[in-house]
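Student: Pasting final_11.pdb here (PDB, C-alpha atoms, pLDDT in the B column):
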ATOM      1  CA  MET I 550      13.539  22.276  -6.126  1.00 56.00           C
ATOM      2  CA  ILE I 551      10.557  22.140  -8.476  1.00 57.00           C
ATOM      3  CA  HIS I 552       9.323  18.637  -9.262  1.00 74.00           C
ATOM      4  CA  SER I 553       6.486  17.356 -11.414  1.00 87.00           C
ATOM      5  CA  LEU I 554       3.586  15.055 -10.649  1.00 90.00           C
ATOM      6  CA  SER I 555       5.202  12.431 -12.874  1.00 92.00           C
ATOM      7  CA  GLU I 556       8.476  12.624 -10.939  1.00 93.00           C
ATOM      8  CA  GLU I 557       6.601  12.195  -7.663  1.00 93.00           C
ATOM      9  CA  ASN I 558       4.823   9.113  -9.007  1.00 93.00           C
ATOM     10  CA  TYR I 559       8.170   7.597 -10.011  1.00 94.00           C
ATOM     11  CA  LEU I 560       9.674   8.192  -6.570  1.00 95.00           C
ATOM     12  CA  LYS I 561       6.636   6.726  -4.813  1.00 94.00           C
ATOM     13  CA  THR I 562       6.610   3.674  -7.073  1.00 94.00           C
ATOM     14  CA  ILE I 563      10.346   3.051  -6.600  1.00 95.00           C
ATOM     15  CA  CYS I 564       9.843   3.257  -2.830  1.00 94.00           C
ATOM     16  CA  HIS I 565       7.046   0.660  -2.949  1.00 91.00           C
ATOM     17  CA  LEU I 566       9.143  -1.660  -5.128  1.00 92.00           C
ATOM     18  CA  GLU I 567      12.182  -1.326  -2.855  1.00 92.00           C
ATOM     19  CA  ASP I 568      10.058  -2.707  -0.003  1.00 85.00           C
ATOM     20  CA  LYS I 569       9.348  -5.883  -1.979  1.00 83.00           C
ATOM     21  CA  GLU I 570      12.285  -6.436  -4.328  1.00 85.00           C
ATOM     22  CA  SER I 571      16.022  -6.840  -3.760  1.00 87.00           C
ATOM     23  CA  LYS I 572      16.676  -5.000  -7.014  1.00 92.00           C
ATOM     24  CA  VAL I 573      14.442  -2.500  -8.827  1.00 94.00           C
ATOM     25  CA  SER I 574      14.876  -2.582 -12.596  1.00 93.00           C
ATOM     26  CA  PRO I 575      13.595  -0.215 -15.313  1.00 93.00           C
ATOM     27  CA  ALA I 576      11.444  -3.102 -16.599  1.00 93.00           C
ATOM     28  CA  MET I 577       9.705  -3.376 -13.198  1.00 93.00           C
ATOM     29  CA  LEU I 578       8.950   0.336 -13.234  1.00 93.00           C
ATOM     30  CA  ALA I 579       7.655   0.174 -16.809  1.00 93.00           C
ATOM     31  CA  LYS I 580       5.313  -2.684 -15.882  1.00 92.00           C
ATOM     32  CA  ARG I 581       4.070  -1.025 -12.686  1.00 91.00           C
ATOM     33  CA  LEU I 582       3.526   2.386 -14.331  1.00 92.00           C
ATOM     34  CA  LYS I 583       2.235   0.875 -17.598  1.00 91.00           C
ATOM     35  CA  ILE I 584       4.582   2.863 -19.798  1.00 92.00           C
ATOM     36  CA  SER I 585       7.426   2.044 -22.186  1.00 93.00           C
ATOM     37  CA  ALA I 586      10.898   1.079 -20.994  1.00 89.00           C
ATOM     38  CA  ALA I 587      12.333   3.941 -23.066  1.00 91.00           C
ATOM     39  CA  SER I 588      10.225   6.463 -21.151  1.00 93.00           C
ATOM     40  CA  VAL I 589      11.403   4.990 -17.852  1.00 94.00           C
ATOM     41  CA  ILE I 590      15.076   5.273 -18.829  1.00 93.00           C
ATOM     42  CA  GLU I 591      14.561   8.912 -19.829  1.00 94.00           C
ATOM     43  CA  MET I 592      12.914   9.758 -16.502  1.00 95.00           C
ATOM     44  CA  ILE I 593      15.545   7.892 -14.482  1.00 95.00           C
ATOM     45  CA  LYS I 594      18.215  10.070 -16.095  1.00 95.00           C
ATOM     46  CA  LYS I 595      16.350  13.168 -14.872  1.00 94.00           C
ATOM     47  CA  LEU I 596      15.938  11.767 -11.365  1.00 95.00           C
ATOM     48  CA  VAL I 597      19.658  10.911 -11.224  1.00 96.00           C
ATOM     49  CA  GLU I 598      20.542  14.477 -12.286  1.00 95.00           C
ATOM     50  CA  LYS I 599      18.386  15.807  -9.437  1.00 94.00           C
ATOM     51  CA  GLN I 600      20.104  13.408  -7.025  1.00 95.00           C
ATOM     52  CA  TRP I 601      16.877  11.666  -6.102  1.00 96.00           C
ATOM     53  CA  VAL I 602      17.925   8.211  -7.332  1.00 96.00           C
ATOM     54  CA  LEU I 603      21.041   6.186  -8.093  1.00 96.00           C
ATOM     55  CA  TYR I 604      21.140   3.814 -11.035  1.00 95.00           C
ATOM     56  CA  GLU I 605      23.587   1.056 -11.903  1.00 93.00           C
ATOM     57  CA  LYS I 606      22.685  -1.894 -14.104  1.00 88.00           C
ATOM     58  CA  LYS I 607      24.048  -4.401 -11.593  1.00 89.00           C
ATOM     59  CA  ARG I 608      22.412  -2.849  -8.527  1.00 92.00           C
ATOM     60  CA  GLY I 609      19.310  -1.422 -10.174  1.00 94.00           C
ATOM     61  CA  ILE I 610      17.481   1.769  -9.206  1.00 95.00           C
ATOM     62  CA  ARG I 611      17.802   3.019  -5.627  1.00 95.00           C
ATOM     63  CA  LEU I 612      16.426   6.077  -3.888  1.00 96.00           C
ATOM     64  CA  THR I 613      18.900   8.488  -2.359  1.00 96.00           C
ATOM     65  CA  GLU I 614      18.148   9.903   1.087  1.00 95.00           C
ATOM     66  CA  LYS I 615      16.604  12.954  -0.578  1.00 94.00           C
ATOM     67  CA  GLY I 616      14.523  10.756  -2.862  1.00 95.00           C
ATOM     68  CA  GLN I 617      13.436   8.523   0.028  1.00 94.00           C
ATOM     69  CA  ASN I 618      12.295  11.506   2.093  1.00 93.00           C
ATOM     70  CA  MET I 619      10.273  12.866  -0.804  1.00 93.00           C
ATOM     71  CA  ALA I 620       8.716   9.476  -1.567  1.00 94.00           C
ATOM     72  CA  LEU I 621       7.694   8.971   2.075  1.00 94.00           C
ATOM     73  CA  GLU I 622       6.086  12.411   2.146  1.00 93.00           C
ATOM     74  CA  ILE I 623       3.974  11.512  -0.893  1.00 94.00           C
ATOM     75  CA  ILE I 624       3.019   8.148   0.629  1.00 95.00           C
ATOM     76  CA  ARG I 625       2.187   9.896   3.910  1.00 95.00           C
ATOM     77  CA  SER I 626      -0.065  12.323   2.054  1.00 95.00           C
ATOM     78  CA  HIS I 627      -1.782   9.525   0.122  1.00 95.00           C
ATOM     79  CA  ARG I 628      -2.534   7.414   3.186  1.00 95.00           C
ATOM     80  CA  LEU I 629      -3.778  10.330   5.284  1.00 96.00           C
ATOM     81  CA  TRP I 630      -6.142  11.359   2.489  1.00 97.00           C
ATOM     82  CA  GLU I 631      -7.391   7.782   2.185  1.00 95.00           C
ATOM     83  CA  PHE I 632      -8.165   7.735   5.910  1.00 95.00           C
ATOM     84  CA  PHE I 633      -9.928  11.110   5.661  1.00 97.00           C
ATOM     85  CA  LEU I 634     -12.024  10.034   2.667  1.00 96.00           C
ATOM     86  CA  LEU I 635     -13.173   6.827   4.346  1.00 93.00           C
ATOM     87  CA  GLU I 636     -13.712   8.055   7.907  1.00 93.00           C
ATOM     88  CA  LYS I 637     -14.963  11.596   7.326  1.00 96.00           C
ATOM     89  CA  LEU I 638     -16.484  11.682   3.842  1.00 96.00           C
ATOM     90  CA  LEU I 639     -17.775   8.086   3.988  1.00 94.00           C
ATOM     91  CA  TYR I 640     -16.328   6.900   0.701  1.00 93.00           C
ATOM     92  CA  THR I 641     -16.124   3.120   0.419  1.00 89.00           C
ATOM     93  CA  TRP I 642     -12.978   1.021   0.849  1.00 87.00           C
ATOM     94  CA  ASP I 643     -12.547   0.546  -2.910  1.00 88.00           C
ATOM     95  CA  GLU I 644     -13.097   4.219  -3.822  1.00 92.00           C
ATOM     96  CA  VAL I 645     -10.495   6.003  -1.705  1.00 92.00           C
ATOM     97  CA  HIS I 646      -7.313   4.978  -3.544  1.00 91.00           C
ATOM     98  CA  ASP I 647      -8.016   6.682  -6.882  1.00 92.00           C
ATOM     99  CA  ILE I 648      -9.150   9.930  -5.249  1.00 95.00           C
ATOM    100  CA  ALA I 649      -6.133   9.968  -2.915  1.00 95.00           C
ATOM    101  CA  GLU I 650      -3.902   9.531  -5.989  1.00 93.00           C
ATOM    102  CA  GLN I 651      -4.979  13.036  -7.008  1.00 93.00           C
ATOM    103  CA  LEU I 652      -5.013  14.644  -3.555  1.00 95.00           C
ATOM    104  CA  GLU I 653      -1.525  13.376  -2.609  1.00 94.00           C
ATOM    105  CA  HIS I 654       0.064  15.939  -4.925  1.00 91.00           C
ATOM    106  CA  VAL I 655      -1.620  18.985  -3.352  1.00 91.00           C
ATOM    107  CA  LYS I 656       1.080  21.314  -2.017  1.00 85.00           C
ATOM    108  CA  ALA I 657       0.583  23.510   1.076  1.00 85.00           C
ATOM    109  CA  SER I 658       3.205  24.118   3.735  1.00 79.00           C
ATOM    110  CA  ASP I 659       1.332  22.748   6.746  1.00 90.00           C
ATOM    111  CA  LEU I 660      -1.631  20.952   5.143  1.00 93.00           C
ATOM    112  CA  LEU I 661      -0.582  17.434   6.170  1.00 93.00           C
ATOM    113  CA  LYS I 662       0.159  18.495   9.754  1.00 93.00           C
ATOM    114  CA  ARG I 663      -3.301  20.007  10.057  1.00 95.00           C
ATOM    115  CA  LEU I 664      -4.939  17.000   8.381  1.00 96.00           C
ATOM    116  CA  GLU I 665      -3.106  14.562  10.670  1.00 95.00           C
ATOM    117  CA  HIS I 666      -4.087  16.578  13.745  1.00 95.00           C
ATOM    118  CA  TYR I 667      -7.725  16.720  12.603  1.00 97.00           C
ATOM    119  CA  LEU I 668      -7.745  12.952  12.123  1.00 96.00           C
ATOM    120  CA  GLU I 669      -6.197  12.453  15.596  1.00 95.00           C
ATOM    121  CA  TYR I 670      -2.952  10.955  14.289  1.00 94.00           C
ATOM    122  CA  PRO I 671      -4.037   7.670  12.665  1.00 92.00           C
ATOM    123  CA  GLN I 672      -1.328   5.008  12.416  1.00 90.00           C
ATOM    124  CA  TYR I 673      -2.723   2.971   9.517  1.00 89.00           C
ATOM    125  CA  ASP I 674      -4.634   3.748   6.331  1.00 90.00           C
ATOM    126  CA  PRO I 675      -7.929   2.002   5.375  1.00 88.00           C
ATOM    127  CA  HIS I 676      -6.004  -0.848   3.714  1.00 87.00           C
ATOM    128  CA  GLY I 677      -3.923  -1.506   6.824  1.00 85.00           C
ATOM    129  CA  ASP I 678      -0.688   0.083   5.586  1.00 87.00           C
ATOM    130  CA  PRO I 679       1.284   2.164   8.125  1.00 90.00           C
ATOM    131  CA  ILE I 680       1.126   5.939   7.674  1.00 93.00           C
ATOM    132  CA  PRO I 681       4.612   7.512   7.754  1.00 93.00           C
ATOM    133  CA  GLN I 682       5.040  10.105  10.477  1.00 90.00           C
ATOM    134  CA  ALA I 683       6.343  13.592   9.720  1.00 87.00           C
ATOM    135  CA  ASP I 684       9.900  12.434  10.468  1.00 85.00           C
ATOM    136  CA  GLY I 685       9.583   9.484   8.066  1.00 82.00           C
ATOM    137  CA  PHE I 686       9.167   6.796  10.726  1.00 83.00           C
ATOM    138  CA  MET I 687       6.756   4.005   9.821  1.00 80.00           C
ATOM    139  CA  ARG I 688       5.453   1.566  12.399  1.00 76.00           C
ATOM    140  CA  PRO I 689       6.584  -1.960  11.401  1.00 69.00           C
ATOM    141  CA  GLY I 690       3.829  -4.353  10.467  1.00 66.00           C
ATOM    142  CA  ASP I 691       3.254  -7.556  12.440  1.00 73.00           C
ATOM    143  CA  ARG I 692       1.370  -9.518   9.815  1.00 84.00           C
ATOM    144  CA  ILE I 693       1.466 -12.561   7.547  1.00 88.00           C
ATOM    145  CA  PRO I 694      -0.492 -13.616   4.453  1.00 90.00           C
ATOM    146  CA  LEU I 695      -3.543 -15.695   5.317  1.00 91.00           C
ATOM    147  CA  SER I 696      -2.059 -18.429   3.119  1.00 90.00           C
ATOM    148  CA  GLU I 697       0.832 -18.837   5.606  1.00 89.00           C
ATOM    149  CA  ALA I 698      -1.308 -19.101   8.742  1.00 88.00           C
ATOM    150  CA  GLN I 699      -1.403 -22.297  10.769  1.00 88.00           C
ATOM    151  CA  LEU I 700      -4.401 -24.612  10.460  1.00 89.00           C
ATOM    152  CA  GLU I 701      -7.170 -23.835  12.948  1.00 89.00           C
ATOM    153  CA  SER I 702      -5.456 -20.550  13.856  1.00 88.00           C
ATOM    154  CA  ILE I 703      -7.539 -17.402  14.275  1.00 91.00           C
ATOM    155  CA  GLY I 704      -6.372 -14.009  13.132  1.00 90.00           C
ATOM    156  CA  ARG I 705      -7.658 -10.529  12.448  1.00 91.00           C
ATOM    157  CA  VAL I 706      -7.366  -8.833   9.063  1.00 91.00           C
ATOM    158  CA  VAL I 707      -4.831  -6.003   9.322  1.00 88.00           C
ATOM    159  CA  ALA I 708      -4.047  -5.173   5.679  1.00 87.00           C
ATOM    160  CA  VAL I 709      -4.391  -6.129   2.028  1.00 89.00           C
ATOM    161  CA  LYS I 710      -1.642  -6.485  -0.561  1.00 85.00           C
ATOM    162  CA  ASP I 711      -4.040  -5.932  -3.448  1.00 86.00           C
ATOM    163  CA  SER I 712      -5.899  -2.616  -3.211  1.00 83.00           C
ATOM    164  CA  SER I 713      -7.648  -2.896  -6.587  1.00 86.00           C
ATOM    165  CA  SER I 714     -11.361  -2.144  -6.719  1.00 87.00           C
ATOM    166  CA  ASP I 715     -12.199  -5.682  -7.837  1.00 90.00           C
ATOM    167  CA  PHE I 716     -10.465  -7.270  -4.849  1.00 90.00           C
ATOM    168  CA  LEU I 717     -11.850  -4.808  -2.317  1.00 91.00           C
ATOM    169  CA  GLN I 718     -15.380  -5.189  -3.669  1.00 91.00           C
ATOM    170  CA  TYR I 719     -15.042  -8.969  -3.364  1.00 91.00           C
ATOM    171  CA  LEU I 720     -13.962  -8.526   0.257  1.00 91.00           C
ATOM    172  CA  GLN I 721     -17.049  -6.422   0.890  1.00 90.00           C
ATOM    173  CA  LYS I 722     -19.259  -9.181  -0.534  1.00 90.00           C
ATOM    174  CA  LEU I 723     -17.697 -11.565   1.988  1.00 91.00           C
ATOM    175  CA  SER I 724     -18.142  -8.964   4.786  1.00 91.00           C
ATOM    176  CA  ILE I 725     -14.361  -8.782   5.292  1.00 91.00           C
ATOM    177  CA  GLU I 726     -12.718  -5.533   6.374  1.00 89.00           C
ATOM    178  CA  ILE I 727      -9.830  -4.413   8.562  1.00 88.00           C
ATOM    179  CA  GLY I 728     -10.378  -6.036  11.962  1.00 88.00           C
ATOM    180  CA  THR I 729     -12.521  -8.943  10.736  1.00 92.00           C
ATOM    181  CA  GLU I 730     -11.794 -12.206  12.570  1.00 93.00           C
ATOM    182  CA  ILE I 731     -10.923 -15.146  10.307  1.00 93.00           C
ATOM    183  CA  GLN I 732     -10.139 -18.765  11.119  1.00 92.00           C
ATOM    184  CA  LEU I 733      -8.130 -20.918   8.715  1.00 91.00           C
ATOM    185  CA  VAL I 734     -10.077 -24.192   8.686  1.00 92.00           C
ATOM    186  CA  ASP I 735      -8.238 -26.196   6.013  1.00 92.00           C
ATOM    187  CA  LYS I 736      -5.818 -26.023   3.063  1.00 91.00           C
ATOM    188  CA  VAL I 737      -6.421 -27.827  -0.234  1.00 89.00           C
ATOM    189  CA  PRO I 738      -3.103 -29.226  -1.564  1.00 87.00           C
ATOM    190  CA  PHE I 739      -4.508 -29.826  -5.059  1.00 86.00           C
ATOM    191  CA  ASN I 740      -4.905 -26.170  -6.022  1.00 87.00           C
ATOM    192  CA  GLY I 741      -3.624 -24.205  -3.032  1.00 86.00           C
ATOM    193  CA  SER I 742      -7.058 -22.886  -2.098  1.00 91.00           C
ATOM    194  CA  VAL I 743      -8.024 -22.576   1.560  1.00 91.00           C
ATOM    195  CA  ILE I 744     -11.194 -22.940   3.583  1.00 93.00           C
ATOM    196  CA  ILE I 745     -11.882 -20.168   6.078  1.00 93.00           C
ATOM    197  CA  ARG I 746     -14.532 -19.212   8.597  1.00 92.00           C
ATOM    198  CA  ILE I 747     -15.372 -15.493   8.692  1.00 92.00           C
ATOM    199  CA  GLY I 748     -16.470 -14.620  12.200  1.00 84.00           C
ATOM    200  CA  LYS I 749     -19.061 -17.239  13.147  1.00 81.00           C
ATOM    201  CA  ASP I 750     -20.328 -17.834   9.613  1.00 82.00           C
ATOM    202  CA  HIS I 751     -20.202 -21.137   7.755  1.00 82.00           C
ATOM    203  CA  PRO I 752     -16.830 -22.036   6.159  1.00 89.00           C
ATOM    204  CA  VAL I 753     -16.146 -20.755   2.628  1.00 91.00           C
ATOM    205  CA  ASN I 754     -13.550 -21.784   0.063  1.00 92.00           C
ATOM    206  CA  ILE I 755     -11.252 -19.067  -1.294  1.00 92.00           C
ATOM    207  CA  SER I 756      -8.462 -19.166  -3.865  1.00 93.00           C
ATOM    208  CA  ARG I 757      -4.742 -19.241  -3.123  1.00 92.00           C
ATOM    209  CA  GLU I 758      -4.371 -15.798  -4.728  1.00 93.00           C
ATOM    210  CA  PHE I 759      -7.044 -14.414  -2.409  1.00 93.00           C
ATOM    211  CA  ALA I 760      -5.317 -15.895   0.659  1.00 92.00           C
ATOM    212  CA  GLU I 761      -1.947 -14.483  -0.426  1.00 92.00           C
ATOM    213  CA  ASN I 762      -3.377 -10.965  -0.730  1.00 91.00           C
ATOM    214  CA  LEU I 763      -5.114 -10.863   2.657  1.00 92.00           C
ATOM    215  CA  LEU I 764      -2.782 -10.050   5.555  1.00 91.00           C
ATOM    216  CA  ILE I 765      -3.654 -11.065   9.101  1.00 91.00           C
ATOM    217  CA  LYS I 766      -2.227 -10.893  12.613  1.00 87.00           C
ATOM    218  CA  GLU I 767      -2.549 -14.227  14.372  1.00 82.00           C
ATOM    219  CA  GLN I 768      -4.082 -14.161  17.861  1.00 76.00           C
TER     220      GLN I 768
END
Would you mind giving the structure from this file in structure tokens?
Tutor:
Amino acid sequence: MIHSLSEENYLKTICHLEDKESKVSPAMLAKRLKISAASVIEMIKKLVEKQWVLYEKKRGIRLTEKGQNMALEIIRSHRLWEFFLLEKLLYTWDEVHDIAEQLEHVKASDLLKRLEHYLEYPQYDPHGDPIPQADGFMRPGDRIPLSEAQLESIGRVVAVKDSSSDFLQYLQKLSIEIGTEIQLVDKVPFNGSVIIRIGKDHPVNISREFAENLLIKEQ
């Protein structure tokens, strides 16, 4: 069945929202995609007709099995391209997302299989998110936000929730990347900020929002 780039973006976005929300509403999609609610409703009707999503006001928008498979294939493509761009073409952490947004829609029967083989079957993308396998399986993440870590605990950065250029560039300024060791030194009750030690450097104060968007695996 022929599908458009816009339809693919909807399916991918619904899949991401389903991972975080108990109910996906048209308003959530409109906010995430930065388009009008009327446009979302019109597209949802098309996706329902193609049997890619189900929609009920009480239960919200849900992917069907067909829609889920298609969404995972797009996500798989995106994350493999991100890995390729970073590891092989030496783009920076904050550059790969926007380029992968374009490459994820490239259609070729065995392109992803060849790309995955060339990259030696990576399990996670540059932002720490699991890369779906060809059968749709995604390795579960064993990670928590830095803000939820125990005092004095040490963990390694495994992912970020915010993949915007501004956040990733700020991480680079602090010399933080996937695998960086961080110790939670103290929490400030007044404003929710936390004090961390990056590697063996002197402690630095970071905001609550920053700590919530950095995911670690405690050691």
Student: Quick one: pull the distance between atom CA of I:Glu665 and atom CA of I:Leu629, Å, one decimal.
Tutor: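 Value for the atom CA of I:Glu665-atom CA of I:Leu629 distance: 6.9 Å.
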Student: For each of I:Glu730, I:Asp674, I:Asp750, I:Glu556, take the minimum atom-to-atom distance to I:Ala649, counting only C-alpha atoms, then give the residue where this is smallest.
Tutor: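 Selected residue with least distance to I:Ala649: I:Asp674.
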Student: Apply the PyMOL selection byres ((chain I and resi 767) around 10) to the file shown and report the selected residues as a tab-separated table (two decimals) with C-alpha atoms, keeping the file's coordinate frame.
Tutor:
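Now in out25.tsv:
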chain	number	residue	atom	x	y	z
I	691	ASP	CA	3.25	-7.56	12.44
I	692	ARG	CA	1.37	-9.52	9.82
I	693	ILE	CA	1.47	-12.56	7.55
I	695	LEU	CA	-3.54	-15.70	5.32
I	698	ALA	CA	-1.31	-19.10	8.74
I	699	GLN	CA	-1.40	-22.30	10.77
I	702	SER	CA	-5.46	-20.55	13.86
I	703	ILE	CA	-7.54	-17.40	14.28
I	704	GLY	CA	-6.37	-14.01	13.13
I	705	ARG	CA	-7.66	-10.53	12.45
I	706	VAL	CA	-7.37	-8.83	9.06
I	707	VAL	CA	-4.83	-6.00	9.32
I	730	GLU	CA	-11.79	-12.21	12.57
I	731	ILE	CA	-10.92	-15.15	10.31
I	732	GLN	CA	-10.14	-18.76	11.12
I	764	LEU	CA	-2.78	-10.05	5.56
I	765	ILE	CA	-3.65	-11.06	9.10
I	766	LYS	CA	-2.23	-10.89	12.61
I	768	GLN	CA	-4.08	-14.16	17.86
Student: Neighbouring residues of stretch 604-621 of chain I were defined as those with any atom within 8 Å, considering all atoms listed in the file; residues of the same chain fewer than 4 positions away were excluded. Please report them as JSON, numbers by chain.
Tutor: {"I": [557, 560, 561, 563, 564, 567, 572, 573, 574, 575, 593, 597, 600, 625, 681, 685]}
Student: Could you tell me which residues the PyMOL selection byres ((chain I and resi 762) around 8) grabs in this file, written as an mmCIF file with C-alpha atoms, in the coordinates of the input?
Tutor:
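Written output follows (result37.cif):
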data_model
loop_
_atom_site.group_PDB
_atom_site.id
_atom_site.type_symbol
_atom_site.label_atom_id
_atom_site.label_comp_id
_atom_site.auth_asym_id
_atom_site.auth_seq_id
_atom_site.Cartn_x
_atom_site.Cartn_y
_atom_site.Cartn_z
ATOM 1 C CA PRO I 694 -0.492 -13.616 4.453
ATOM 2 C CA LEU I 695 -3.543 -15.695 5.317
ATOM 3 C CA VAL I 709 -4.391 -6.129 2.028
ATOM 4 C CA LYS I 710 -1.642 -6.485 -0.561
ATOM 5 C CA ASP I 711 -4.040 -5.932 -3.448
ATOM 6 C CA GLU I 758 -4.371 -15.798 -4.728
ATOM 7 C CA PHE I 759 -7.044 -14.414 -2.409
ATOM 8 C CA ALA I 760 -5.317 -15.895 0.659
ATOM 9 C CA GLU I 761 -1.947 -14.483 -0.426
ATOM 10 C CA LEU I 763 -5.114 -10.863 2.657
ATOM 11 C CA LEU I 764 -2.782 -10.050 5.555
#
Student: Choose the residue, out of I:His646, I:Arg628, I:His654, I:His552, that has the smallest atom-to-atom separation from I:Tyr670; count all atoms listed in the file.
Tutor: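 Residue with the minimum atom-to-atom distance to I:Tyr670: I:Arg628.
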Student: Using the chain letters and numbers from the file, which residues does the PyMOL selection byres ((chain I and resi 676) around 8) grab, as an NGL selection string?
Tutor: :I and (642 or 673-675 or 677-678 or 707-709 or 712 or 727)
Student: Atom CA of I:Arg688 to atom CA of I:Gln672: how many Å, to one decimal?
Tutor: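 The value is 7.6 Å.
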Student: Report, in Å with one decimal, the straight-line distance from atom CA of I:Leu717 to atom CA of I:Asp643.
Tutor: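 A separation of 5.4 Å between them.
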Student: Using all atoms listed in the file, which residue out of I:Phe632, I:Phe716, I:Phe739, I:Tyr559 lies closest to I:Ala579?
Tutor: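 Using all atoms listed in the file, I:Ala579 sits closest to I:Tyr559.
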Student: Nearest to I:His666: which of I:Gln682, I:Gln718, I:Ser696, I:Gln651 is it, counting only C-alpha atoms?
Tutor: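 Comparing I:Gln682, I:Gln718, I:Ser696, I:Gln651 against I:His666, the winner is I:Gln682.
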Student: If you count only C-alpha atoms, which residues fall within 12 Å of I:Lys637, apart from same-chain ones fewer than 6 positions away, as an mmCIF file with C-alpha atoms, in the coordinates of the input?
Tutor:
data_model
loop_
_atom_site.group_PDB
_atom_site.id
_atom_site.type_symbol
_atom_site.label_atom_id
_atom_site.label_comp_id
_atom_site.auth_asym_id
_atom_site.auth_seq_id
_atom_site.Cartn_x
_atom_site.Cartn_y
_atom_site.Cartn_z
ATOM 1 C CA LEU I 629 -3.778 10.330 5.284
ATOM 2 C CA TRP I 630 -6.142 11.359 2.489
ATOM 3 C CA GLU I 631 -7.391 7.782 2.185
ATOM 4 C CA VAL I 645 -10.495 6.003 -1.705
ATOM 5 C CA LEU I 664 -4.939 17.000 8.381
ATOM 6 C CA TYR I 667 -7.725 16.720 12.603
ATOM 7 C CA LEU I 668 -7.745 12.952 12.123
#
Student: Show me, as AutoDock Vina command-line options, the centre and edge lengths in Å to one decimal of the axis-aligned box that covers every listed atom of stretch 584-592 of chain I with 3 Å on each side.
Tutor:
--center_x 9.8 --center_y 5.4 --center_z -19.8 --size_x 16.5 --size_y 14.7 --size_z 12.6
